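S.K.: Quick one: the structure is below, questions incoming.
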Amino acid sequence: MTNNETIVEAKSLSKFYRLPKESLFKKPEVIKAVNDVNFKIIKGKSFGVVGESGSGKSTLARCIMGLERPTAGEVKINSVDIFSLSANELRNMRKQFQMVFQDPFGSLNPRKKILSIIAEPLDVLEKVKKNDRRSRVIDTLKSVGLKETDIEKFPHEFSGGQRQRIAIARALITKPKIIVADEPVSALDVSVQAQVLNLLQDLQDSFGVTYILISHDLAVVKFVCDDVIVMNEGKIVESGSAKEIFTNPKHEYTKTLLEAVPRF
Amino acid sequence: MLDIKNLNINLNTVYGDATAVRNLSFKLEKGKTLGIVGESGCGKSLTALAVMGLLPENSWSTGEIIFNNKNLLSLNEDKLCKIRGNSIGMIFQEPMTSLNPLHTIGKQIAEPMILHGKVTRSMIKKEVLNLLDMVGIPDPLKRISSFPHELSGGQRQRVMIAMALSCKPEILIADEPTTALDVTIQKQILDLIKDLIDEFGMSMILISHDLGVIANNVQEIIVMYGGVCVEKGYTKKLINNISHPYSQGLFSAIPTLEMQEDSEQRLKTIPGSVPEITEIPKGCTFQGRCEYVSDICVKNSPNSVKISEDHEAYCFNLDKLN
């Protein structure tokens, strides 16, 4: 399967935000959140985006997901530029890429049961029969290590790690080709973080999904990812295989980042 | 200098009473640094608050916290106020929310010094400028009249450090001082704290969930789980011979940069999750997630077992482990 087929490609992607005018006569300041970024992601591999806060990594994720329209450049998924699609076509395309958010406490609707939380992408993107819907939710729930009986529960009955599993199940249910995970473990305790990281790897082995993992934690990225880009102030400062970047960093900024990580 | 004996902290929560810290004892000597490491809900922050006399209203504590021959737990608010911020300083976790947004940073740094009568009116500005310079804020003369929102996260944490150090305390308590910061800024702040401690000969209690941060910055470590100390010892001895099943699990669950590149590799995990504070079991607090659990762990709380000089763990099954 890994015949080096490109699944996602960003071509001179830029996203600028305009700040409110300070004075009527001044030009508004522009923040270059993502500035002329190029990369290719290979099918079935994990792609890591590393950077500190404000480096533009989350904006990049939102552009790849089609949640933000870039100022310039294009994002191609399976060779289709997603921003040339109509709203309808883009929605259909979304079956193929899903997102896991950072905060498992804020990203699940507290008033819905797990069944309807996980089934929501199905309801929006595919028309499935009621029985089918239920059995697919149960299958997905089992694949992330939760129980069949959990579908009747509410989010507050679960711990942080379990909630993140639910969020992953919700991303998996449409059988996506790509999952964008924005800091998926940063809100979790260390002992639980390991469980979720192992789960992500298992799911890749069994479903062949491509991950785009966004994280400030270099060790997490090294553990999960095959290819990595390092971002600083909206630009890619270094890109390459995880092994290369972590053992033999070239750029000064990457070196500073790696040196700053406390070790024991 | 600081001697904590059998500290118990109880909380009155909506789900009933709970013991958040149980029988915690440790000593901190002058000029030494101590780290408390553990996951959320293990009682590490409450311990710090107890030393500061800042426990929440719905809590009560027993035991003794002896500081310079006085039991802090039995002092009244007036006397505590004289110690708090004066001989014991604290750096809080969130630099974003722990500064007052309505006052300039100069005013906020000056406040503890004025309260504790450390400086005369005429000297205040000079002192504040000195402190700002010491914690590495560029252009202190300009920054002294800045408001917190004009500073970055790292700079705000530097201001917090300046406040904590303004009265030259004997003990500095740093509760997750770098959790909200980026790694490069984290390193700067930790290095700064280290330098200042050496300079003033202060003692420090550093609290963090990050084992790397703890291992690099303190001389002695306490590992806490479910409100009790499960292992403590001198940093080098403990890191080289991690003994308690929980500490072992915790250390091996973290991906590190030194790990070998191998797509088949998996992290070791501790099954289950951290128990809610109201559901901490009697006996050993780690029993529900421990692979070596036996009958005695459920019945009794384990006593301290000496592993080597200055290194002990609280577990019944240490011989099975190694």
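The chains in the structure tokens are called A, B, ... from first to last as shown; in each chain the residues are counted from 1, and the ligands are counted from 1 in the order shown.
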Looking only at the backbone, which of the residues in region 22-251 of chain A does DSSP tag as helix (DSSP H, G or I), as a ChimeraX atom specification?
M.R.: /A:57-64,82-84,87-96,114-125,130-143,148-152,155-157,160-172,190-207,218-224,242-247
S.K.: May I have the residues within 6 Å of region 191-198 of chain A as a list of chain:residue names, using only C-alpha atoms and disregarding those fewer than 4 positions away in the same chain?
M.R.: A:Gly161, A:Val185, B:Leu250, B:Ala253, B:Leu267, B:Thr269, B:Ile270
S.K.: With C-alpha atoms retained, write the just-selected residues as a PDB file, in the first residue's frame.
M.R.:
ATOM      1  CA  GLY A 161      -8.397   9.363  28.151  1.00  0.00           C
ATOM      2  CA  VAL A 185      -2.641  14.029  24.027  1.00  0.00           C
TER       3      VAL A 185
ATOM      4  CA  LEU B 250       5.174   6.549  34.875  1.00  0.00           C
ATOM      5  CA  ALA B 253       5.086   5.614  29.691  1.00  0.00           C
ATOM      6  CA  LEU B 267       4.907   2.524  24.844  1.00  0.00           C
ATOM      7  CA  THR B 269       1.175   1.768  29.656  1.00  0.00           C
ATOM      8  CA  ILE B 270      -0.403   1.741  33.078  1.00  0.00           C
TER       9      ILE B 270
END
S.K.: Output as a ChimeraX atom specification the set of chain B residues within 10 Å of chain A, with distances taken over only C-alpha atoms.
M.R.: /B:38-40,181-188,209-217,235-236,239-240,246,249-276
S.K.: Keeping only C-alpha atoms, take the residues you just selected and write them out as a PDB file, in the first residue's frame.
M.R.:
ATOM      1  CA  GLY B  38       2.684  13.185  40.034  1.00  0.00           C
ATOM      2  CA  GLU B  39      -0.363  13.247  37.807  1.00  0.00           C
ATOM      3  CA  SER B  40      -3.439  15.412  38.195  1.00  0.00           C
ATOM      4  CA  LEU B 181       5.078  27.875  28.335  1.00  0.00           C
ATOM      5  CA  ASP B 182       6.892  26.689  25.214  1.00  0.00           C
ATOM      6  CA  VAL B 183       9.939  24.463  25.656  1.00  0.00           C
ATOM      7  CA  THR B 184      12.524  27.097  24.780  1.00  0.00           C
ATOM      8  CA  ILE B 185      10.966  29.592  27.206  1.00  0.00           C
ATOM      9  CA  GLN B 186      10.607  26.804  29.780  1.00  0.00           C
ATOM     10  CA  LYS B 187      14.331  26.235  29.671  1.00  0.00           C
ATOM     11  CA  GLN B 188      15.075  29.948  30.133  1.00  0.00           C
ATOM     12  CA  HIS B 209       3.897  16.609  36.292  1.00  0.00           C
ATOM     13  CA  ASP B 210       6.886  16.637  33.959  1.00  0.00           C
ATOM     14  CA  LEU B 211       9.510  14.152  35.050  1.00  0.00           C
ATOM     15  CA  GLY B 212      12.158  15.712  32.851  1.00  0.00           C
ATOM     16  CA  VAL B 213      11.690  19.106  34.477  1.00  0.00           C
ATOM     17  CA  ILE B 214      11.845  17.589  37.958  1.00  0.00           C
ATOM     18  CA  ALA B 215      14.833  15.340  37.332  1.00  0.00           C
ATOM     19  CA  ASN B 216      16.919  18.192  35.972  1.00  0.00           C
ATOM     20  CA  ASN B 217      16.223  20.789  38.595  1.00  0.00           C
ATOM     21  CA  THR B 235      17.372  12.424  42.379  1.00  0.00           C
ATOM     22  CA  LYS B 236      20.283  10.387  41.035  1.00  0.00           C
ATOM     23  CA  ILE B 239      16.281   7.877  38.630  1.00  0.00           C
ATOM     24  CA  ASN B 240      18.881   5.126  38.396  1.00  0.00           C
ATOM     25  CA  TYR B 246       3.785   3.336  39.773  1.00  0.00           C
ATOM     26  CA  GLY B 249       5.080   2.767  34.928  1.00  0.00           C
ATOM     27  CA  LEU B 250       5.174   6.549  34.875  1.00  0.00           C
ATOM     28  CA  PHE B 251       8.766   6.747  33.703  1.00  0.00           C
ATOM     29  CA  SER B 252       8.370   4.139  30.974  1.00  0.00           C
ATOM     30  CA  ALA B 253       5.086   5.614  29.691  1.00  0.00           C
ATOM     31  CA  ILE B 254       6.794   8.738  28.425  1.00  0.00           C
ATOM     32  CA  PRO B 255       8.093   8.795  24.896  1.00  0.00           C
ATOM     33  CA  THR B 256      11.604  10.217  24.892  1.00  0.00           C
ATOM     34  CA  LEU B 257      13.824  11.659  22.235  1.00  0.00           C
ATOM     35  CA  GLU B 258      16.355   8.943  22.940  1.00  0.00           C
ATOM     36  CA  MET B 259      14.010   6.134  21.949  1.00  0.00           C
ATOM     37  CA  GLN B 260      15.187   4.037  19.040  1.00  0.00           C
ATOM     38  CA  GLU B 261      13.539   4.549  15.700  1.00  0.00           C
ATOM     39  CA  ASP B 262      11.316   1.540  15.175  1.00  0.00           C
ATOM     40  CA  SER B 263       7.814   1.569  13.785  1.00  0.00           C
ATOM     41  CA  GLU B 264       6.833  -1.575  15.720  1.00  0.00           C
ATOM     42  CA  GLN B 265       7.631  -0.127  19.099  1.00  0.00           C
ATOM     43  CA  ARG B 266       4.942   0.543  21.670  1.00  0.00           C
ATOM     44  CA  LEU B 267       4.907   2.524  24.844  1.00  0.00           C
ATOM     45  CA  LYS B 268       4.430   0.721  28.096  1.00  0.00           C
ATOM     46  CA  THR B 269       1.175   1.768  29.656  1.00  0.00           C
ATOM     47  CA  ILE B 270      -0.403   1.741  33.078  1.00  0.00           C
ATOM     48  CA  PRO B 271      -3.873   0.213  32.636  1.00  0.00           C
ATOM     49  CA  GLY B 272      -6.907   2.212  33.766  1.00  0.00           C
ATOM     50  CA  SER B 273      -6.873   5.843  34.771  1.00  0.00           C
ATOM     51  CA  VAL B 274      -6.194   8.003  37.804  1.00  0.00           C
ATOM     52  CA  PRO B 275      -9.011   7.420  40.362  1.00  0.00           C
ATOM     53  CA  GLU B 276     -11.349  10.244  41.311  1.00  0.00           C
TER      54      GLU B 276
END
S.K.: Counting only C-alpha atoms, figure out which residue out of B:Pro112, B:Gly233, B:Pro56, B:Gly106 gets nearest to Leu129 (chain B).
M.R.: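 For Leu129 (chain B), the nearest of the candidates is B:Gly106.
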S.K.: Rank nothing, just name the residue among B:Leu206, B:Gly89, B:Gly201, B:Phe26 nearest to Leu165 (chain B), using only C-alpha atoms.
M.R.: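 Under the stated criterion, the closest residue is B:Gly89.
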S.K.: Name all residues at most 8 Å from Gly73 (chain A) (count only C-alpha atoms; drop same-chain ones fewer than 5 positions away) and give them as a list in words.
M.R.: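 Contacts, with the query itself left out: Ala10, Lys11, Ser12, Leu13, Ser14 and Asp36 of chain A.
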S.K.: Quick one, how far is CA of Ile151 (chain A) from CA of Val137 (chain A)?
M.R.: 8.1 Å
